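Beneath this line is the structure, given in structure tokens, with notes to follow.
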Amino acid sequence: DSNAAISALDAARQRGAAYLLLPGTAYWWLEHYPGLGTYLDAHAACVWRDACCAIYALGQWPPETAA
């Protein structure tokens with residue numbers, strides 16, 4: 001379910017994952033697990049999306065700029 005997917009994503013982020021690559025063949029996940037899509041919209045930034053894949057930046061967004 002969406003909660004399990006979000007928990008797995010958060011665990012990966014805590015282990016240092018900086019990006020999530022979602023293959024185009026897995027876009028159905030965002031429909032099947034609507035909570036995951038909502039979570040990604042709120043806590044990640046989609047930095048690329050086309051028919052082949054979507055890439056989400058999982059770190060702080062927008063990134064901090066150097067002083």
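By order in the structure tokens, chains are A, B, ...; within a chain, residues start at 1; ligands start at 1, following the order shown.
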Legend entry - Contacts of A:Thr25 at 9 Å (only C-alpha atoms; same-chain gap of 4+ positions) as a list in words: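 Using only C-alpha atoms, the neighbours found are Ala51, Cys52 and Cys53 of chain A.
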Inset, instruction - Kindly indicate which residue among A:Ile6, A:Leu22, A:Leu36, A:Leu30 lies nearest to A:Trp48, using only C-alpha atoms for the distances. - result: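 Nearest candidate to A:Trp48 out of A:Ile6, A:Leu22, A:Leu36, A:Leu30: A:Leu22.
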Inset, instruction - Give the strand (DSSP E or B) residues of chain A, as DSSP finds them on the backbone, and put them as a VMD selection string. - result: chain A and resid 19 to 23 45 to 49 53 to 57
Taking C-alpha atoms for each residue, export the selection above as a PDB file, in the first residue's frame.
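Contents of part35.pdb, freshly written:
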ATOM      1  CA  TYR A  19      17.201  10.290  -6.041  1.00  0.00           C
ATOM      2  CA  LEU A  20      14.345   7.993  -6.979  1.00  0.00           C
ATOM      3  CA  LEU A  21      14.267   6.824 -10.585  1.00  0.00           C
ATOM      4  CA  LEU A  22      10.858   5.530 -11.581  1.00  0.00           C
ATOM      5  CA  PRO A  23      10.912   3.718 -14.938  1.00  0.00           C
ATOM      6  CA  ALA A  45      11.148  17.433  -6.652  1.00  0.00           C
ATOM      7  CA  CYS A  46      10.582  15.861 -10.035  1.00  0.00           C
ATOM      8  CA  VAL A  47      13.722  16.934 -11.870  1.00  0.00           C
ATOM      9  CA  TRP A  48      13.052  14.904 -15.038  1.00  0.00           C
ATOM     10  CA  ARG A  49      10.057  13.185 -16.559  1.00  0.00           C
ATOM     11  CA  CYS A  53      11.411   7.585 -16.654  1.00  0.00           C
ATOM     12  CA  ALA A  54      10.820  10.090 -13.896  1.00  0.00           C
ATOM     13  CA  ILE A  55      13.609  11.186 -11.566  1.00  0.00           C
ATOM     14  CA  TYR A  56      12.799  12.660  -8.170  1.00  0.00           C
ATOM     15  CA  ALA A  57      15.360  14.494  -6.028  1.00  0.00           C
TER      16      ALA A  57
END
Inset, instruction - Name the residues in contact with A:Arg13 at a cut-off of 12 Å, using only C-alpha atoms, excluding same-chain residues fewer than 2 positions from it; report them as a list of chain:residue names. - result: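 So the residues in contact are A:Ile6, A:Ser7, A:Ala8, A:Leu9, A:Asp10, A:Ala11, A:Arg15, A:Gly16, A:Ala17, A:Ala18, A:Tyr19, A:Leu20, A:His43, A:Ala44, A:Tyr56, A:Ala57, A:Leu58, A:Gly59, A:Gln60.
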Resulting file, chosen residues, C-alpha atoms, as a compact mmCIF listing (two decimals), in the first residue's frame:
# COMPACT_ATOMS: atom_id res chain seq x y z
CA ILE A 6 6.48 5.73 1.60
CA SER A 7 8.17 3.92 4.51
CA ALA A 8 10.53 2.14 2.11
CA LEU A 9 11.33 5.44 0.38
CA ASP A 10 12.00 7.20 3.70
CA ALA A 11 14.25 4.33 4.82
CA ARG A 15 20.45 5.51 4.25
CA GLY A 16 21.61 8.26 1.89
CA ALA A 17 19.51 7.87 -1.25
CA ALA A 18 19.39 11.19 -3.06
CA TYR A 19 17.20 10.29 -6.04
CA LEU A 20 14.35 7.99 -6.98
CA HIS A 43 8.57 15.93 -0.23
CA ALA A 44 10.59 15.57 -3.42
CA TYR A 56 12.80 12.66 -8.17
CA ALA A 57 15.36 14.49 -6.03
CA LEU A 58 14.83 13.25 -2.49
CA GLY A 59 17.07 15.68 -0.67
CA GLN A 60 16.26 19.16 0.47
